[in-house]
2 protein chains.
Amino acid sequence: MIAEIIAIGDELLIGQVVNTNASWLGEQLSRVGVPVRFMTTVGDDGDDIRAALQHALSRADFIIATGGLGPTHDDITKKVVTDFFEAGPLAQDEKVLAHIRNTFTRRNLPMSPVNEEQAVVPRKAKVLWNANGTAPGLLFEKNGKYCAVLPGVPFEMKAITTSALLPFLQARAGGQIIRHRTVKTFGVAESSLAEKLAPIAEIEQHCKLAFLPSYFGVNLRISVTGRASEEVAQHVAAAEKIILAKAGKYVYGYDDDSLEGVVGRRLKEKGATLALAESCTGGLLAHRITNVSGSSEYFLRGYVTYSNPAKIELLDVPQEIIAQHGAVSEPCALAMAAGVKKMSGSDYGVAITGIAGPTGGAPDKPVGTVWIGLASPQRVSAKHFLFLNDRLVNKERFAQAALAMLYRALHEAEYVPE
Amino acid sequence: MIAEIIAIGDELLIGQVVNTNASWLGEQLSRVGVPVRFMTTVGDDGDDIRAALQHALSRADFIIATGGLGPTHDDITKKVVTDFFEAGPLAQDEKVLAHIRNTFTRRNLPMSPVNEEQAVVPRKAKVLWNANGTAPGLLFEKNGKYCAVLPGVPFEMKAITTSALLPFLQARAGGQIIRHRTVKTFGVAESSLAEKLAPIAEIEQHCKLAFLPSYFGVNLRISVTGRASEEVAQHVAAAEKIILAKAGKYVYGYDDDSLEGVVGRRLKEKGATLALAESCTGGLLAHRITNVSGSSEYFLRGYVTYSNPAKIELLDVPQEIIAQHGAVSEPCALAMAAGVKKMSGSDYGVAITGIAGPTGGAPDKPVGTVWIGLASPQRVSAKHFLFLNDRLVNKERFAQAALAMLYRALHEAEYVPE
């Protein structure tokens, strides 16, 4: 079974919105053994939508089209696809209407006539329940081929895909299995990692290996295709084993693991607590830490000490340190880390002080400079990094470097006090 | 002139990489007056690349294909496109080879034979100089139609597009001008906004109006196509004027404006300062505020008071309030807002306390409940919201609701103290 994805919306063609829906769908379909051969993006234009559907029907068995199901005049997808599949007439669905009414009532918002219009669905299509929004998904069928039409809002599209489409597709994948396993690393450059893993052919005996570098580390993706799930699993495991033997020290997790999630698990295992002091990252690290459900078990508090008075007052950083060395300095990072640990009573304290840019740099402290302090139960230390990116990417890399330091501290053998 | 974009690479189809190249190209082409009607993504597969080229040639005048020009065995784009346009034979280009050698020398890296292979180019294609990498771009021509093939690395693709393609395209756009203007709103549902703007035909006399809803508000995009830039500007202004007259109270900005940026400008104008107290958003609001360059002029500090002791100790929230009403309550939000203003000495204090989920909900305080407190120079107030999303989206919506409250407070007429 081959799938094709059609994304609909002028905003995609003029680059106002990046098409993240297509890549998410591609990943999910691949996981259930249904390869995607083509993805097409078209505008809110009847002729172009029809052309895309025609091509897709000629080369795929299952089409997923997203976008253009909203309540306003520029949303034409439902009408065009209904006509294309001759699935009309359109008629009001009482269950969907009740759901839409209920959604507005629960949110305490007024409902307008155009929203009632969203409960109008083609008679010959199946409604795909949208628990998270007002536009129902629709499933059309023609000569044994299918076309699912989903709202473009990612949260709604994902929920419908997961609950209704993936089980349907998996059951029809024809016994083909595709398995991807991503091994996640940090602290090593792509080329060095490739050298450490050489010869790649040894790993690729029964799989494909892809290197996916980003600012946050290099992910290694193992892909195996086959028909027997046990054999496929063995091939994945064999490749993973070689990677771990050759580069295991850089590996922090797998697949959906995030560094903040792995760090959180480790803190929970240790029964340890964490507090943060952020200057230039402005709360980003605390945001990432608290993206993990259950983080309240180990995360006590964060300070966003953007001003110098805040650093002195809240973290007990001696005024002389800032006067002598500046806020972006090793002594200040050490004092902030020790201070946040002390003031919060946590087991671990992490502090970030740097210059995200674009302004604020100096010849000896250029934009991208950061000092990261870490107070553990054993000691207080600080590290210097220099990244050469724009403000937002610098913030991201600073936060990632701090998480990496915390990860190492949580995983290293206990120190003998110096 | 109509353009079409083809993105090539297995990593795009299986969702390992999000196709940001296509949206960037769409935006750039639109700006020089060349509309994109279709975007296609295909894998590293000769048949599928040929099929995509065939379709594109049938409906567009200018094709931009990206990806698959790297030095490894799975990069087949150059060979396939050369054959398709009968632009061979392939032969080594001495200038390109010298550039590749020089690139490796400058980076102090060893050059391998596969990199020499990148200097082999089709005789009948024009080389598009890649100053930032080793894979040259190529421009093919057939019956007055063009196909540019560019490396997939965004940094290299963008440089070649900007230097070589956009001037070429602008000169051939036939004097057509496309202008987009985005009017950004919050605090109004898409359907209500459509009602307030009705009849849409009045706005659409000389433009197209698109509704772009997201969790953070509804953006309205005005698009005008024409030949005289003054007339196009007048049509944009006329549509904008009607929108402002009918729904101006919901408009906070235009085009690249963000709510945090607009709020920051307003704080600067007022010479006022801000401090934040976040519980369930865990630092996200501070992160957004500090994404704005220059935010240190008005942003003093943030507290991420995840635990109850932190709320009591750092924000001076009376213990009895938490004991009686719970941390997610109107009294607690009021106390947090007043506390953060007092403790930091800021002019404005914003506090967020809620339940992001997925755990922690209760029948009377379900997941998605949030209380937002705001202390201004005039008064302290709090508002309740209920969002029904997952943890990360709830965090985003809580932060957005808080920014919206702050925006309103910064823009309302001065209160008479009660």
# chains A, B, ... in the order shown; residues from 1 in each chain; ligands from 1
$ residues_around --residues "Asn102 of chain A" --least-positions-apart "5" --cutoff "12 Å" --atoms "only C-alpha atoms" --output "NGL selection string"
:A and (95-97 or 107-111 or 115-116 or 131-134)
$ interface_residues --of "chain B" --to "chain A" --cutoff "6 Å" --atoms "only C-alpha atoms" --output "number ranges by chain"
B: 13-15, 18, 23-24, 26-27, 38-42, 282-284, 286-287, 290, 300-307
$ atom_distance --atom1 "atom CA of Leu334 of chain A" --atom2 "atom CA of Gly373 of chain A"
5.1 Å
$ atom_distance --atom1 "atom CA of Glu141 of chain B" --atom2 "atom CA of Val81 of chain B"
11.2 Å
$ select_by_dssp --residues "segment 111-245 of chain A" --states "alpha helix (DSSP H)" --output "ChimeraX atom specification"
/A:113-117,154-160,166-171,190-197,200-203,229-245
$ atom_distance --atom1 "atom CA of Tyr254 of chain B" --atom2 "atom CA of Ile222 of chain B"
11.0 Å
$ closest_residue --among "B:Ala119, B:Met157, B:Leu374, B:Val34" --to "Gly67 of chain B" --atoms "only C-alpha atoms"
B:Met157
$ decode --residues "segment 63-103 of chain A" --atoms "N, CA and C atoms" --output "short mmCIF file (atom, residue, chain, number, x, y, z; two decimals), in the first residue's frame"
data_model
loop_
_atom_site.label_atom_id
_atom_site.label_comp_id
_atom_site.auth_asym_id
_atom_site.auth_seq_id
_atom_site.Cartn_x
_atom_site.Cartn_y
_atom_site.Cartn_z
N ILE A 63 -4.88 8.45 0.18
CA ILE A 63 -4.51 9.86 0.13
C ILE A 63 -4.91 10.51 1.45
N ILE A 64 -4.03 11.31 2.00
CA ILE A 64 -4.42 12.14 3.14
C ILE A 64 -4.29 13.59 2.72
N ALA A 65 -5.41 14.31 2.74
CA ALA A 65 -5.39 15.74 2.40
C ALA A 65 -5.67 16.53 3.66
N THR A 66 -4.89 17.58 3.88
CA THR A 66 -5.09 18.39 5.09
C THR A 66 -5.33 19.85 4.72
N GLY A 67 -6.16 20.52 5.51
CA GLY A 67 -6.32 21.97 5.38
C GLY A 67 -7.54 22.39 4.59
N GLY A 68 -8.00 23.60 4.88
CA GLY A 68 -9.12 24.17 4.12
C GLY A 68 -10.48 23.70 4.58
N LEU A 69 -10.58 23.22 5.84
CA LEU A 69 -11.88 22.78 6.37
C LEU A 69 -12.48 23.78 7.35
N GLY A 70 -11.88 24.95 7.48
CA GLY A 70 -12.37 25.95 8.43
C GLY A 70 -13.73 26.52 8.03
N PRO A 71 -14.24 27.42 8.86
CA PRO A 71 -15.60 27.92 8.64
C PRO A 71 -15.69 29.14 7.73
N THR A 72 -14.59 29.65 7.22
CA THR A 72 -14.69 30.90 6.46
C THR A 72 -14.70 30.67 4.95
N HIS A 73 -14.91 31.76 4.21
CA HIS A 73 -15.19 31.65 2.78
C HIS A 73 -14.03 31.07 1.97
N ASP A 74 -12.79 31.19 2.50
CA ASP A 74 -11.65 30.70 1.73
C ASP A 74 -11.40 29.21 1.95
N ASP A 75 -12.20 28.57 2.77
CA ASP A 75 -12.05 27.14 3.03
C ASP A 75 -12.95 26.35 2.08
N ILE A 76 -12.36 25.81 1.02
CA ILE A 76 -13.19 25.19 -0.02
C ILE A 76 -12.98 23.69 -0.14
N THR A 77 -12.09 23.15 0.69
CA THR A 77 -11.71 21.75 0.52
C THR A 77 -12.89 20.79 0.56
N LYS A 78 -13.79 20.95 1.54
CA LYS A 78 -14.89 19.99 1.70
C LYS A 78 -15.74 19.90 0.44
N LYS A 79 -16.07 21.07 -0.09
CA LYS A 79 -16.93 21.10 -1.29
C LYS A 79 -16.21 20.47 -2.49
N VAL A 80 -14.95 20.85 -2.69
CA VAL A 80 -14.21 20.36 -3.86
C VAL A 80 -14.02 18.84 -3.80
N VAL A 81 -13.62 18.34 -2.64
CA VAL A 81 -13.36 16.90 -2.54
C VAL A 81 -14.67 16.11 -2.64
N THR A 82 -15.73 16.64 -2.05
CA THR A 82 -17.03 15.97 -2.14
C THR A 82 -17.47 15.84 -3.60
N ASP A 83 -17.34 16.92 -4.35
CA ASP A 83 -17.68 16.87 -5.78
C ASP A 83 -16.78 15.89 -6.52
N PHE A 84 -15.48 15.94 -6.22
CA PHE A 84 -14.51 15.09 -6.92
C PHE A 84 -14.88 13.62 -6.75
N PHE A 85 -15.25 13.23 -5.54
CA PHE A 85 -15.58 11.83 -5.28
C PHE A 85 -17.08 11.54 -5.46
N GLU A 86 -17.82 12.53 -5.94
CA GLU A 86 -19.28 12.38 -6.11
C GLU A 86 -19.90 11.79 -4.86
N ALA A 87 -19.58 12.39 -3.72
CA ALA A 87 -19.99 11.82 -2.44
C ALA A 87 -21.14 12.59 -1.80
N GLY A 88 -21.71 13.54 -2.55
CA GLY A 88 -22.80 14.35 -2.02
C GLY A 88 -24.10 13.60 -1.99
N PRO A 89 -25.20 14.25 -1.64
CA PRO A 89 -25.26 15.67 -1.27
C PRO A 89 -24.72 15.93 0.14
N LEU A 90 -24.47 17.21 0.40
CA LEU A 90 -24.04 17.63 1.73
C LEU A 90 -25.27 17.79 2.62
N ALA A 91 -25.21 17.25 3.80
CA ALA A 91 -26.35 17.37 4.71
C ALA A 91 -25.86 17.49 6.14
N GLN A 92 -26.68 18.12 6.96
CA GLN A 92 -26.27 18.35 8.34
C GLN A 92 -26.22 17.03 9.12
N ASP A 93 -25.16 16.85 9.89
CA ASP A 93 -25.02 15.67 10.74
C ASP A 93 -25.31 16.09 12.18
N GLU A 94 -26.38 15.52 12.75
CA GLU A 94 -26.83 15.99 14.08
C GLU A 94 -25.79 15.74 15.17
N LYS A 95 -25.12 14.61 15.08
CA LYS A 95 -24.11 14.29 16.10
C LYS A 95 -22.96 15.29 16.06
N VAL A 96 -22.51 15.59 14.84
CA VAL A 96 -21.41 16.55 14.69
C VAL A 96 -21.86 17.92 15.19
N LEU A 97 -23.09 18.29 14.85
CA LEU A 97 -23.61 19.59 15.28
C LEU A 97 -23.66 19.68 16.81
N ALA A 98 -24.10 18.60 17.45
CA ALA A 98 -24.15 18.59 18.91
C ALA A 98 -22.75 18.75 19.49
N HIS A 99 -21.77 18.09 18.87
CA HIS A 99 -20.38 18.18 19.32
C HIS A 99 -19.86 19.62 19.19
N ILE A 100 -20.18 20.26 18.06
CA ILE A 100 -19.72 21.64 17.85
C ILE A 100 -20.36 22.56 18.89
N ARG A 101 -21.68 22.42 19.10
CA ARG A 101 -22.37 23.22 20.11
C ARG A 101 -21.72 23.04 21.47
N ASN A 102 -21.47 21.77 21.79
CA ASN A 102 -20.89 21.43 23.09
C ASN A 102 -19.51 22.06 23.26
N THR A 103 -18.71 22.05 22.17
CA THR A 103 -17.36 22.63 22.22
C THR A 103 -17.44 24.11 22.57
#
